[in-house]
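Here's start-v6.cif, which has mmCIF, C-alpha atoms and all ligand atoms:
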data_entry
loop_
_atom_site.label_atom_id
_atom_site.label_comp_id
_atom_site.auth_asym_id
_atom_site.auth_seq_id
_atom_site.Cartn_x
_atom_site.Cartn_y
_atom_site.Cartn_z
CA MET A 1 36.33 9.56 -19.17
CA ALA A 2 38.20 8.08 -16.21
CA ALA A 3 41.92 7.66 -16.64
CA ALA A 4 41.67 4.01 -15.71
CA THR A 5 39.16 3.42 -18.47
CA ALA A 6 41.37 5.17 -20.97
CA ALA A 7 44.40 3.16 -19.92
CA GLY A 8 42.42 -0.07 -20.14
CA ALA A 9 41.17 0.81 -23.56
CA ALA A 10 44.66 1.70 -24.73
CA ALA A 11 46.01 -1.62 -23.52
CA ALA A 12 43.25 -3.42 -25.34
CA ALA A 13 43.96 -1.48 -28.49
CA ALA A 14 47.64 -2.35 -28.32
CA ALA A 15 46.75 -6.00 -28.42
CA VAL A 16 45.72 -5.66 -32.02
CA SER A 17 48.38 -3.30 -33.24
CA LEU A 18 48.14 -4.56 -36.81
CA ILE A 19 45.50 -1.94 -37.56
CA THR A 20 47.09 1.46 -37.64
CA CYS A 21 44.75 3.72 -35.74
CA TYR A 22 42.41 3.21 -32.87
CA LEU A 23 39.81 5.50 -31.50
CA LEU A 24 38.58 4.84 -28.03
CA PHE A 25 35.13 5.76 -26.91
CA HIS A 26 33.24 5.43 -23.73
CA ASN A 27 30.00 3.54 -23.14
CA SER A 28 26.75 3.42 -25.04
CA ILE A 29 26.66 3.05 -28.78
CA LEU A 30 23.49 5.15 -28.76
CA LYS A 31 25.62 8.21 -28.14
CA PHE A 32 27.28 7.76 -31.50
CA PRO A 33 25.18 8.63 -34.52
CA TRP A 34 27.83 7.28 -36.90
CA ALA A 35 27.35 3.85 -35.34
CA ARG A 36 23.76 3.71 -36.53
CA THR A 37 23.68 5.64 -39.76
CA ALA A 38 25.08 4.80 -43.13
CA ARG A 39 28.68 5.54 -44.01
CA PRO A 40 29.41 9.15 -43.11
CA SER A 41 30.03 11.51 -45.95
CA CYS A 42 33.31 13.33 -46.12
CA ALA A 43 32.77 16.97 -46.87
CA SER A 44 36.40 17.50 -47.81
CA GLY A 45 36.79 19.48 -51.01
CA ARG A 46 39.44 17.00 -52.06
CA ARG A 47 36.80 14.29 -52.44
CA THR A 48 34.46 16.38 -54.50
CA ARG A 49 37.12 17.80 -56.77
CA ARG A 50 39.22 14.75 -57.48
CA ARG A 51 38.69 11.81 -59.73
CA GLY A 52 40.49 8.55 -60.23
CA LEU A 53 42.96 6.90 -57.90
CA VAL A 54 43.68 9.97 -55.79
CA GLU A 55 40.01 10.43 -55.00
CA ALA A 56 39.84 6.84 -53.86
CA ILE A 57 42.28 7.64 -51.05
CA GLY A 58 40.95 8.52 -47.61
CA ASN A 59 37.45 8.58 -46.20
CA THR A 60 38.12 5.11 -44.86
CA PRO A 61 35.44 3.64 -42.60
CA LEU A 62 35.60 3.32 -38.84
CA VAL A 63 35.01 -0.26 -37.82
CA ARG A 64 33.85 -1.21 -34.33
CA ILE A 65 36.15 -3.85 -32.91
CA ASN A 66 33.53 -5.94 -31.18
CA SER A 67 35.83 -8.17 -29.15
CA LEU A 68 37.76 -5.28 -27.57
CA SER A 69 34.73 -3.06 -27.16
CA ASP A 70 32.80 -5.79 -25.38
CA ALA A 71 35.78 -6.77 -23.23
CA THR A 72 36.57 -3.23 -22.08
CA GLY A 73 33.17 -1.56 -22.03
CA CYS A 74 34.56 1.16 -24.30
CA GLU A 75 33.58 1.69 -27.89
CA ILE A 76 36.82 0.89 -29.68
CA LEU A 77 36.97 1.65 -33.35
CA GLY A 78 39.67 0.94 -35.90
CA LYS A 79 40.12 3.22 -38.86
CA ALA A 80 40.36 0.89 -41.83
CA GLU A 81 43.31 2.50 -43.57
CA PHE A 82 44.11 -0.78 -45.30
CA LEU A 83 41.20 0.04 -47.63
CA ASN A 84 43.23 2.78 -49.30
CA PRO A 85 44.27 1.82 -52.87
CA GLY A 86 47.91 1.30 -51.83
CA GLY A 87 46.80 -0.66 -48.76
CA SER A 88 47.78 1.75 -46.00
CA VAL A 89 47.60 5.19 -44.39
CA LYS A 90 50.80 6.02 -46.31
CA ASP A 91 48.72 6.75 -49.43
CA ARG A 92 47.70 10.02 -47.78
CA VAL A 93 51.33 10.84 -47.10
CA ALA A 94 52.32 10.03 -50.68
CA VAL A 95 49.60 12.36 -52.00
CA LYS A 96 50.61 15.19 -49.70
CA ILE A 97 54.34 14.83 -50.33
CA ILE A 98 53.85 14.80 -54.10
CA GLU A 99 51.29 17.62 -54.15
CA GLU A 100 53.44 19.90 -51.99
CA ALA A 101 56.52 19.14 -54.09
CA LEU A 102 54.63 19.89 -57.30
CA GLU A 103 53.27 23.10 -55.84
CA SER A 104 56.70 24.27 -54.71
CA GLY A 105 58.24 23.30 -58.03
CA ASP A 106 60.71 20.92 -56.38
CA LEU A 107 59.08 18.19 -58.45
CA ILE A 108 57.77 18.65 -61.95
CA CYS A 109 55.50 16.53 -64.06
CA GLY A 110 57.47 13.59 -65.39
CA GLY A 111 59.99 13.89 -62.56
CA THR A 112 61.02 10.98 -60.40
CA VAL A 113 60.08 10.66 -56.74
CA THR A 114 62.75 8.70 -54.89
CA GLU A 115 62.46 7.10 -51.47
CA GLY A 116 64.40 4.69 -49.30
CA SER A 117 61.73 2.41 -47.91
CA ALA A 118 61.09 -1.29 -47.82
CA GLY A 119 57.55 -0.86 -46.65
CA SER A 120 54.19 0.77 -47.07
CA THR A 121 55.51 4.20 -48.07
CA ALA A 122 57.31 2.74 -51.08
CA ILE A 123 54.12 0.98 -52.16
CA SER A 124 52.07 4.15 -51.70
CA LEU A 125 54.52 6.35 -53.62
CA ALA A 126 54.67 3.77 -56.42
CA THR A 127 50.84 3.70 -56.45
CA VAL A 128 50.29 7.45 -56.34
CA ALA A 129 53.17 8.92 -58.40
CA PRO A 130 51.81 7.84 -61.82
CA ALA A 131 48.50 9.56 -61.04
CA TYR A 132 50.49 12.81 -61.06
CA GLY A 133 52.42 11.92 -64.21
CA CYS A 134 55.54 11.21 -62.15
CA ARG A 135 57.85 8.27 -61.86
CA CYS A 136 58.99 6.53 -58.71
CA HIS A 137 62.34 5.01 -57.77
CA VAL A 138 62.65 3.02 -54.57
CA VAL A 139 65.86 1.95 -52.85
CA ILE A 140 65.58 -0.96 -50.44
CA PRO A 141 68.03 -3.16 -48.56
CA ASP A 142 68.65 -6.43 -50.35
CA ASP A 143 67.74 -8.49 -47.30
CA ALA A 144 64.12 -7.37 -47.65
CA ALA A 145 61.78 -9.97 -49.09
CA ILE A 146 61.97 -10.16 -52.87
CA GLU A 147 58.16 -9.99 -52.98
CA LYS A 148 58.38 -6.38 -51.79
CA SER A 149 60.46 -5.44 -54.83
CA GLN A 150 58.11 -7.38 -57.06
CA ILE A 151 55.04 -5.54 -55.74
CA ILE A 152 56.71 -2.13 -56.14
CA GLU A 153 57.91 -3.00 -59.65
CA ALA A 154 54.48 -4.31 -60.59
CA LEU A 155 53.17 -0.85 -59.72
CA GLY A 156 55.53 0.61 -62.31
CA ALA A 157 58.31 1.90 -60.07
CA THR A 158 61.97 1.01 -60.39
CA VAL A 159 63.63 -0.76 -57.47
CA GLU A 160 67.28 -0.72 -56.47
CA ARG A 161 68.33 -3.36 -53.96
CA VAL A 162 71.46 -2.44 -52.02
CA ARG A 163 73.65 -3.89 -49.28
CA PRO A 164 72.28 -3.12 -45.80
CA VAL A 165 74.59 -0.74 -43.93
CA SER A 166 74.32 1.67 -41.02
CA ILE A 167 72.22 4.82 -41.48
CA THR A 168 75.39 6.86 -40.97
CA HIS A 169 76.98 5.21 -44.03
CA ARG A 170 76.69 7.11 -47.30
CA ASP A 171 75.41 3.94 -48.95
CA HIS A 172 72.54 3.34 -46.55
CA PHE A 173 69.44 2.83 -48.71
CA VAL A 174 67.87 6.11 -47.52
CA ASN A 175 71.05 8.04 -48.37
CA ILE A 176 71.23 6.39 -51.79
CA ALA A 177 67.61 7.39 -52.45
CA ARG A 178 68.50 11.01 -51.58
CA ARG A 179 71.48 10.83 -53.92
CA ARG A 180 69.42 9.40 -56.79
CA ALA A 181 67.15 12.44 -56.67
CA LEU A 182 70.17 14.76 -56.81
CA GLU A 183 71.61 12.77 -59.70
CA ALA A 184 68.32 12.98 -61.58
CA ASN A 185 68.32 16.75 -61.03
CA LYS A 186 71.88 17.05 -62.32
CA LEU A 187 70.99 14.97 -65.38
CA ALA A 188 67.91 17.10 -66.04
CA ALA A 189 69.97 20.28 -65.73
CA LYS A 190 72.53 18.89 -68.18
CA GLN A 191 69.82 17.90 -70.63
CA ARG A 192 68.24 21.33 -70.34
CA GLU A 193 71.61 22.92 -71.00
CA SER A 194 72.28 20.79 -74.07
CA ASN A 195 68.70 21.38 -75.33
CA GLU A 196 69.24 25.11 -74.93
CA THR A 197 72.56 24.90 -76.78
CA GLN A 198 70.88 22.93 -79.56
CA THR A 199 67.99 25.37 -79.63
CA ASN A 200 70.37 28.34 -79.82
CA GLY A 201 72.25 26.58 -82.61
CA LEU A 202 68.99 25.93 -84.40
CA ASP A 203 67.97 29.54 -83.93
CA HIS A 204 71.24 30.60 -85.50
CA ILE A 205 70.86 28.20 -88.43
CA ASN A 206 67.24 29.09 -88.85
CA SER A 207 67.88 32.81 -88.84
CA LYS A 208 70.72 32.36 -91.34
CA MET A 209 68.45 30.26 -93.57
CA MET A 210 65.78 32.89 -93.22
CA ASP A 211 68.17 35.64 -94.27
CA ASP A 212 69.23 33.65 -97.35
CA LYS A 213 65.68 32.75 -98.14
CA LEU A 214 64.49 36.29 -97.67
CA ALA A 215 67.26 37.56 -99.91
CA THR A 216 66.27 35.25 -102.73
CA MET A 217 62.62 36.03 -102.17
CA GLN A 218 63.02 39.79 -102.28
CA SER A 219 61.29 39.88 -105.61
CA GLU A 220 58.45 37.69 -104.46
CA SER A 221 55.31 38.88 -102.83
CA LYS A 222 55.21 40.05 -99.18
CA LYS A 223 52.49 37.51 -98.50
CA THR A 224 54.79 34.62 -99.37
CA GLN A 225 57.47 35.95 -97.02
CA ASN A 226 55.02 36.14 -94.17
CA ASN A 227 53.80 32.61 -94.77
CA ASP A 228 57.35 31.25 -94.67
CA GLN A 229 58.13 33.07 -91.46
CA THR A 230 55.20 31.55 -89.65
CA HIS A 231 56.70 28.09 -90.22
CA VAL A 232 59.99 28.94 -88.54
CA SER A 233 59.56 28.01 -84.92
CA THR A 234 62.12 26.39 -82.67
CA LYS A 235 60.06 26.59 -79.48
CA MET A 236 59.31 23.25 -77.85
CA PRO A 237 55.77 22.78 -76.55
CA HIS A 238 55.86 22.73 -72.77
CA ASN A 239 53.25 21.06 -70.66
CA SER A 240 53.65 21.45 -66.93
CA LYS A 241 50.12 20.34 -66.16
CA CYS A 242 50.32 17.64 -63.56
CA ASP A 243 46.85 17.33 -62.14
CA PRO A 244 45.54 13.80 -61.54
CA SER A 245 42.01 15.00 -62.23
CA SER A 246 43.04 16.41 -65.58
CA ASP A 247 42.11 14.60 -68.76
CA SER A 248 45.24 16.00 -70.35
CA LYS A 249 47.46 13.34 -71.80
CA GLY A 250 50.04 15.95 -72.77
CA CYS A 251 52.47 14.99 -70.02
CA ASP A 252 54.87 12.33 -71.18
CA PRO A 253 57.09 11.15 -68.34
CA SER A 254 59.00 8.85 -70.67
CA SER A 255 60.48 11.65 -72.81
CA ASP A 256 63.66 12.80 -71.06
CA SER A 257 64.85 13.43 -67.52
CA LYS A 258 62.65 15.84 -65.62
CA GLY A 259 64.67 15.65 -62.43
CA GLY A 260 64.14 13.96 -59.13
CA PHE A 261 62.62 14.65 -55.75
CA PHE A 262 63.54 12.85 -52.54
CA ALA A 263 60.29 12.11 -50.66
CA ASP A 264 62.12 11.80 -47.32
CA GLN A 265 59.15 10.72 -45.21
CA PHE A 266 61.10 10.92 -41.93
CA GLU A 267 62.10 14.57 -42.39
CA ASN A 268 59.43 15.87 -44.72
CA MET A 269 56.77 17.81 -42.77
CA ALA A 270 54.25 17.05 -45.50
CA ASN A 271 54.01 13.65 -43.78
CA TYR A 272 52.73 15.29 -40.60
CA ARG A 273 50.55 17.75 -42.52
CA ALA A 274 48.82 14.88 -44.36
CA HIS A 275 47.44 13.79 -41.00
CA TYR A 276 46.92 17.24 -39.50
CA GLU A 277 44.97 18.43 -42.54
CA TRP A 278 43.35 15.20 -43.68
CA THR A 279 43.29 12.17 -41.36
CA GLY A 280 42.60 14.21 -38.21
CA PRO A 281 39.69 16.25 -39.61
CA GLU A 282 38.27 13.09 -41.17
CA ILE A 283 38.25 11.29 -37.81
CA TRP A 284 36.73 14.32 -36.12
CA GLU A 285 34.01 14.53 -38.74
CA GLN A 286 33.26 10.80 -38.76
CA THR A 287 32.89 10.73 -34.99
CA LYS A 288 31.11 14.06 -34.80
CA GLY A 289 33.67 14.97 -32.18
CA SER A 290 32.52 12.25 -29.75
CA LEU A 291 35.84 10.74 -28.95
CA HIS A 292 37.81 10.51 -25.76
CA ALA A 293 41.08 8.96 -26.82
CA PHE A 294 43.18 8.23 -29.87
CA VAL A 295 45.83 5.55 -30.18
CA ALA A 296 48.22 5.03 -33.08
CA ALA A 297 51.29 2.99 -33.73
CA ALA A 298 54.31 5.02 -34.82
CA GLY A 299 56.87 4.49 -37.52
CA THR A 300 57.87 7.98 -38.57
CA GLY A 301 55.41 9.40 -36.03
CA GLY A 302 53.60 11.37 -38.75
CA THR A 303 50.17 9.87 -38.00
CA ILE A 304 50.25 10.26 -34.25
CA ALA A 305 51.73 13.77 -34.46
CA GLY A 306 49.37 15.11 -37.11
CA VAL A 307 46.16 13.54 -35.82
CA SER A 308 46.94 14.29 -32.16
CA ARG A 309 47.70 17.93 -32.86
CA TYR A 310 44.47 18.34 -34.77
CA LEU A 311 42.37 16.56 -32.13
CA LYS A 312 43.95 18.62 -29.35
CA VAL A 313 43.01 21.79 -31.16
CA ARG A 314 39.41 20.60 -31.50
CA CYS A 315 39.04 18.94 -28.13
CA LEU A 316 40.79 19.96 -24.95
CA PHE A 317 40.10 16.75 -23.07
CA ILE A 318 41.38 13.86 -25.09
CA TYR A 319 43.74 11.03 -24.22
CA LEU A 320 46.45 10.40 -26.78
CA PHE A 321 48.58 7.25 -26.84
CA VAL A 322 51.45 6.22 -29.07
CA ILE A 323 52.49 2.61 -29.57
CA TYR A 324 56.04 1.94 -30.63
CA PHE A 325 58.65 -0.75 -30.84
CA LEU A 326 61.91 -0.45 -28.98
CA SER A 327 64.92 -2.28 -30.42
CA GLY A 328 62.45 -4.08 -32.69
CA LYS A 329 61.51 -6.22 -29.67
CA TYR A 330 59.40 -4.47 -27.07
CA ILE A 331 56.07 -2.80 -27.56
CA PHE A 332 55.56 0.38 -25.59
CA ILE A 333 52.46 2.45 -25.08
CA THR A 334 53.04 6.00 -23.94
CA MET A 335 50.45 8.58 -23.04
CA ILE A 336 51.19 11.88 -24.74
CA PRO A 337 51.08 14.78 -22.29
CA HIS A 338 48.60 17.46 -23.21
CA SER A 339 51.16 20.23 -23.34
C1 LIG A 401 50.90 0.28 -42.58
C2 LIG A 401 51.54 1.30 -41.72
N1 LIG A 401 50.78 2.05 -40.92
C3 LIG A 401 51.34 2.97 -40.10
C4 LIG A 401 52.70 3.16 -40.05
C5 LIG A 401 53.26 4.18 -39.11
O1 LIG A 401 52.80 5.44 -39.44
P1 LIG A 401 53.71 6.73 -39.17
O2 LIG A 401 54.91 6.62 -40.04
O3 LIG A 401 52.81 7.87 -39.55
O4 LIG A 401 54.07 6.75 -37.73
C6 LIG A 401 53.52 2.39 -40.88
C7 LIG A 401 54.96 2.53 -40.94
O5 LIG A 401 55.69 2.91 -40.14
C8 LIG A 401 52.93 1.45 -41.72
O6 LIG A 401 53.69 0.70 -42.53
#
Go through the file and emit its structure as structure tokens.
Amino acid sequence: MAAATAAGAAAAAAAVSLITCYLLFHNSILKFPWARTARPSCASGRRTRRRGLVEAIGNTPLVRINSLSDATGCEILGKAEFLNPGGSVKDRVAVKIIEEALESGDLICGGTVTEGSAGSTAISLATVAPAYGCRCHVVIPDDAAIEKSQIIEALGATVERVRPVSITHRDHFVNIARRRALEANKLAAKQRESNETQTNGLDHINSKMMDDKLATMQSESKKTQNNDQTHVSTKMPHNSKCDPSSDSKGCDPSSDSKGGFFADQFENMANYRAHYEWTGPEIWEQTKGSLHAFVAAAGTGGTIAGVSRYLKVRCLFIYLFVIYFLSGKYIFITMIPHS
């Protein structure tokens, strides 16, 4: 594909930056089997194994943008990430962040995922967390539209609206979200401690009662003693199962504090991995590898980084463009060097 064509296509794609991702193709539609056939199937194990809300995430269709394709002579496709249950590509990130945290043990079933976000990530975490038996707490600046809080709350999350301050301030909404996770962990540790103390106390009382009981029952039959002993149990049932595909209703997030986990989309590499392991392969599969360029807008940069890296591994000759705002005013498109 000629560089000029790629640049033209990128410029055209930037004109409609409301859709997250754009794939740019060259020339005839006949080259592209996915353009003629029914919706491509996604062979990802995730789709075959999962049920419910989590399974509904991903495998979003590619939609030909007729106006731009006709104007540029390139096949320009938008990946319809707004069709995810939470309305954006961030659903994938929420799934990956939560799954990795559960796997590492940093988050446990019934725990609270916290995030400082006034946007799509908050909505996605609020949408996805309950599917894993987790809670969600979102901290947003109080100059954000009240409707954002209402949407997040309607999804079952708690929202804390705070004064907007600089990111370097300890009370910036992102820093407060980080702190809330730490506080939830401290509270959980305290509760565990006091439960253990109570349990030890109960063990002591129970063993003393058992001794007394056994003493008075010395003359009774052995069978009776054994029966009594089987009823003395101070162990709490523990259910750490946190699989959204599980039918288990044993996980009760409302019981007591199970700790917190700060999602931290800007620093958490699970964000990038969601796109490297999921969005990128999906695009490759849907296009059967017939793509010449990829364009994405960047917030955290997770989408462009993850998808680009994957596409570069699969295809040596691909143009990659990132669209970003500077000072919230200017839109820039930059070509990513292949190295
Ligand atoms: C709907 C939507 N799509 C895409 C992005 C950007 O994605 P990324 O954070 O992966 O760069 C954002 C936020 O920044 C967003 O809100």
Original post:
Contacts of Val162 (chain A) at 10 Å or less, counting all atoms listed in the file, minus same-chain residues fewer than 5 places along, as a ChimeraX atom specification?
Top reply: /A:139-144,171-173,176
**OP:** Find the residue from A:Glu267, A:Glu160, A:Glu153, A:Asp256 that sits nearest to Asn195 (chain A); use all atoms listed in the file when measuring.
**Re:**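 For Asn195 (chain A), the nearest of the candidates is A:Asp256.
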Original post:
Can you tell me which residues sit at most 7 Å away from ligand LIG 401 (chain A), counting only C-alpha atoms and all ligand atoms, written as a count of residues only?
Top reply: 15
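Minimum atom-to-atom distances from A:Glu75, A:Glu147, A:Asp91, A:Asp106 to Lys258 (chain A) were compared using all atoms listed in the file, and the lowest value belongs to A:Asp106.
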Original post:
Interatomic distance between CA of His137 (chain A) and CA of Pro164 (chain A)?
Top reply: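 Taking CA of His137 (chain A) as the start and CA of Pro164 (chain A) as the end point, the length is 17.6 Å.
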Subject >> Minimum-distance residue to Pro85 (chain A), chosen among A:Ser166, A:Trp284, A:Ser308, A:Val54 (using only C-alpha atoms) >> reply: A:Val54
Subject >> Of the listed residues A:Ala122, A:Val322, A:Val313, A:Leu107, that which approaches Met335 (chain A) most closely, counting all atoms listed in the file >> reply: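 Nearest to Met335 (chain A): A:Val322.
Comparing A:Phe82, A:Tyr272, A:Phe321, A:Phe261 by their smallest distance to Pro61 (chain A), the closest is A:Phe82 (using all atoms listed in the file).
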Original post:
Which is closer to Ala270 (chain A) than all the others in A:His292, A:Tyr310, A:Ala101, A:Thr60, using all atoms listed in the file?
Top reply: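 Selected residue with least distance to Ala270 (chain A): A:Ala101.
For the pair CA of Ala184 (chain A) and CA of Gly260 (chain A), the separation is 4.9 Å.
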Original post:
If you measure from CA of Val95 (chain A) to CA of Leu291 (chain A), what distance in Å do you get, rounded to one decimal?
Top reply: 26.9 Å
Subject >> All residues 12 Å or closer to Glu99 (chain A), all atoms listed in the file, same chain fewer than 5 positions away omitted, as a list in words >> reply: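 Surrounding residues, per the criterion: Val54, Arg92, Val93, Ala94, Ser104, Gly105, Asp106, Leu107, Ile108, Cys109, Val113, Leu125, Val128, Ala129, Ala131, Tyr132, Gly133, Cys134, Cys242, Asp243, Pro244, Phe261, Ala263, Ala270, Asn271, Arg273 and Ala274 of chain A.
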Missing atoms in region 278-291 of chain A: fill them in up to N, CA and C atoms and send the result as a tab-separated table (two decimals), in the coordinates of the input.
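Saved to part-v3.tsv:
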chain	number	residue	atom	x	y	z
A	278	TRP	N	44.21	16.16	-42.97
A	278	TRP	CA	43.35	15.20	-43.68
A	278	TRP	C	42.83	14.10	-42.75
A	279	THR	N	43.74	13.29	-42.21
A	279	THR	CA	43.29	12.17	-41.36
A	279	THR	C	42.58	12.68	-40.10
A	280	GLY	N	43.18	13.68	-39.44
A	280	GLY	CA	42.60	14.21	-38.21
A	280	GLY	C	41.20	14.76	-38.42
A	281	PRO	N	41.03	15.72	-39.36
A	281	PRO	CA	39.69	16.25	-39.61
A	281	PRO	C	38.69	15.17	-40.01
A	282	GLU	N	39.17	14.17	-40.74
A	282	GLU	CA	38.27	13.09	-41.17
A	282	GLU	C	37.75	12.31	-39.95
A	283	ILE	N	38.64	12.02	-39.02
A	283	ILE	CA	38.25	11.29	-37.81
A	283	ILE	C	37.27	12.14	-37.00
A	284	TRP	N	37.59	13.41	-36.89
A	284	TRP	CA	36.73	14.32	-36.12
A	284	TRP	C	35.32	14.36	-36.73
A	285	GLU	N	35.29	14.44	-38.05
A	285	GLU	CA	34.01	14.53	-38.74
A	285	GLU	C	33.24	13.20	-38.63
A	286	GLN	N	33.93	12.11	-38.80
A	286	GLN	CA	33.26	10.80	-38.76
A	286	GLN	C	32.70	10.50	-37.37
A	287	THR	N	33.35	11.01	-36.35
A	287	THR	CA	32.89	10.73	-34.99
A	287	THR	C	32.04	11.86	-34.44
A	288	LYS	N	31.84	12.85	-35.24
A	288	LYS	CA	31.11	14.06	-34.80
A	288	LYS	C	31.70	14.59	-33.49
A	289	GLY	N	32.98	14.43	-33.35
A	289	GLY	CA	33.67	14.97	-32.18
A	289	GLY	C	33.47	14.18	-30.90
A	290	SER	N	32.77	13.02	-30.98
A	290	SER	CA	32.52	12.25	-29.75
A	290	SER	C	33.62	11.23	-29.52
A	291	LEU	N	34.80	11.70	-29.26
A	291	LEU	CA	35.84	10.74	-28.95
A	291	LEU	C	36.65	11.20	-27.74
